[in-house]
Amino acid sequence: MDEHFERAEGADGWIAARNGDEWHVLGSRCRSCARLAAPADRFGCLQCGAPTEQVDFLPLSGRGTLLNAVTVFQPLIADATVPLVIGRIALEEGPVVSAQIGVEEEQLSPGMALQAEMVGASASAAGAWRFNPAEEARA
Amino acid sequence: MSTVPLGAMRPVHVVGIGLHPYQFPGDTPYVTLGTTAVRGALADAGLSWPDIQSAYVGSGTIGMAAGRVLTKHLGASGLSVATIENASASGSTAFRSACIEVASGLVDVAIAIGVDKAGPTIQRAFTREEIPRFSDMAELPVVKFALAAEEYMAQTGATAAQIAAVAVKNHHNASLNPYAQFRKPRSLEEVLGAKKVAGIITAPQCCPRGDGGAAAIVMSEEALARFGIAPHRAVRVLSSVATSDRQLDDEIASAVEITRRMTAQALEHAAVAPEDLDIVELHEAFSIEEPLYIEAMGICGEGEGAHFIATGEADIGGRCAVNASGGLLGMGHPLGPTGVGQIAEIVRQLRGEAGDRQHPEARTALAHMIGLGQVGFAHILQMDRHDGR
């Protein structure tokens with residue numbers, strides 16, 4: 001990974017990296033089979049089984065396209081505030097991730113451009129990724 | 001390199017089945033859940049515990065040595081005992097292991113047992129995987145299946161009501177099953193109007209947590225003769241296939257691919273076509289799984305699953321009875337027992353002993369199971385033809 005980037009502390013270091021004050025979605029690319037993964041393949045390539053030494057970590061753009069989304073109505077895990085929206089997002093680099101969306105389901109439509117935004121981060125520890133409509137993320 | 005499918009080894013037959021009713025989490029000791037099922041299976045087969053040479057105990061929640069701690073309460077016969085944890089597929093894995101041990105010739109009589117109690121302290125390996133997720137909520141199966149339901153509706157034109165019809169059918173079947181956790185039929189309006197969980201998935205479209213026990217005894221043909229088992233009460237296990245993911249990043253698409261691949265292989269090994277299946281017991285922890293999987297199995301065309309179910313083709317008495325037991329939604333999903341309970345329902349149906357929920361002329365059946373991780377198991381069972389049947 002580019003020397004300017006520093007992975008987040010602890011386990012979050014597999015989904016987020018920092019370049020100064022700027023947080024980036026972290027992914028990985030396998031040098032053996034070229035699989036691009038997000039979250040990063042920490043223990044080796046999930047596709048071809050190449051060991052971690054053959055997996056490069058790299059920051060991703062955080063830009064993606066919404067595939068679909070649903071509202072979760074029940075607090076199914078501890079500390080969840082509902083309703084909340086979960087979507088499947090095809091990142092522009094390729095991987096498809098499932099993540100929380102920052103707006104209500106009514107404001108979304110499949111194919112919409114989304115941008116990952118880090119919320120609740122401290123100086124070195126990552127918070128959580130939210131995906132928001134791209135215009136709103138820029139605002 | 002050559003491999004031998006189960007059906008090409010020594011023939012294996014299921015000769016005894018037993019269940020402890022699936023029930024909401026309660027005070028019944030796990031030993032009672034398990035021994036009730038085992039004693040039921042022994043009585044059904046006309047066997048006694050010392051006749052059993054090997055026991056495989058599928059259990060996800062009880063803890064270390066669940067199998068031997070249970071089986072010691074059935075008598076000190078000195079049999080082989082192994083405990084198997086494989087998430088939802090623990091019971092299916094136990095059944096496959098029992099079949100393989102008989103088919104290989106290592107033993108003549110083996111039992112698969114499933115037993116579990118829903119507790120607050122289930123440890124799940126993925127919480128110790130130390131790979132963070134973009135959202136913990138997004139990792140929950142119900143959320144993944146709610147997203148899959150959206151995709152399915154967009155691709156096939158199926159409606160939320162057609163998907164809810166899975167729960168209506170399976171709760172109806174469960175209302176006829178004395179071993180089921182839910183014994184009350186539910187109307188489409190009740191299912192659609194129930195508490196929303198995620199997306200279109202309402203509470204009756206999610207399987208319950210529960211306690212239960214299930215057992216199935218398998219034996220060789222030599223043992224059938226030795227114990228004088230009546231031919232019409234022995235059900236042949238034609239094939240057994242086990243597999244896991246080949247594709248990544250979309251767990252639901254992978255479960256469908258696993259289903260397609262392992263069902264095709266199990267059918268091929270059994271020399272059975274999808275349209276020959278009279279009974280299918282499949283893993284529908286959530287309603288949307290049923291249409292996805294019956295399409296992948298080839299029971300109906302691609303994109304036709306929800307319509308097939310909503311129009312009654314998957315009913316008892318329809319073209320293929322899917323989850324005649326009530327399935328995971330209605331009969332329940334106590335985990336370890338679930339896969340063995342599927343075998344119990346199939347054996348009951350193929351013997352013609354299913355009473356009010358008997359599917360007419362049932363001869364060939366598929367048991368399908370998906371376990372967290374994820375893994376897949378497919379078994380084809382068939383009643384041999386007797387008396388010109």
# chains A, B, ... in the order shown; residues from 1 in each chain; ligands from 1

call {"tool": "select_by_dssp", "arguments": {"residues": "chain A", "states": "strand (DSSP E)", "output": "PyMOL selection string"}}
result
chain A and resi 6-7+16-19+22-30+36-37+55-60+63-72+84-91+96-101+113-119+128-133

call {"tool": "interface_residues", "arguments": {"of": "chain B", "to": "chain A", "cutoff": "8 Å", "atoms": "only C-alpha atoms", "output": "PyMOL selection string"}}
result
chain B and resi 130-139+143+146-147+150-151+196-199+247-250

call {"tool": "residues_around", "arguments": {"residues": "segment 239-244 of chain B", "least_positions_apart": "2", "cutoff": "8 Å", "atoms": "only C-alpha atoms", "output": "NGL selection string"}}
result
:B and (5-7 or 96 or 237 or 246 or 258 or 262-263 or 265-267 or 269-270 or 374-381)

call {"tool": "residues_around", "arguments": {"residues": "segment 275-284 of chain B", "least_positions_apart": "5", "cutoff": "9 Å", "atoms": "only C-alpha atoms", "output": "PyMOL selection string"}}
result
chain B and resi 88+206-207+289-290+293-294+298-300+316+319-329+338-339+342-343+345-346+349-350+359-371+380
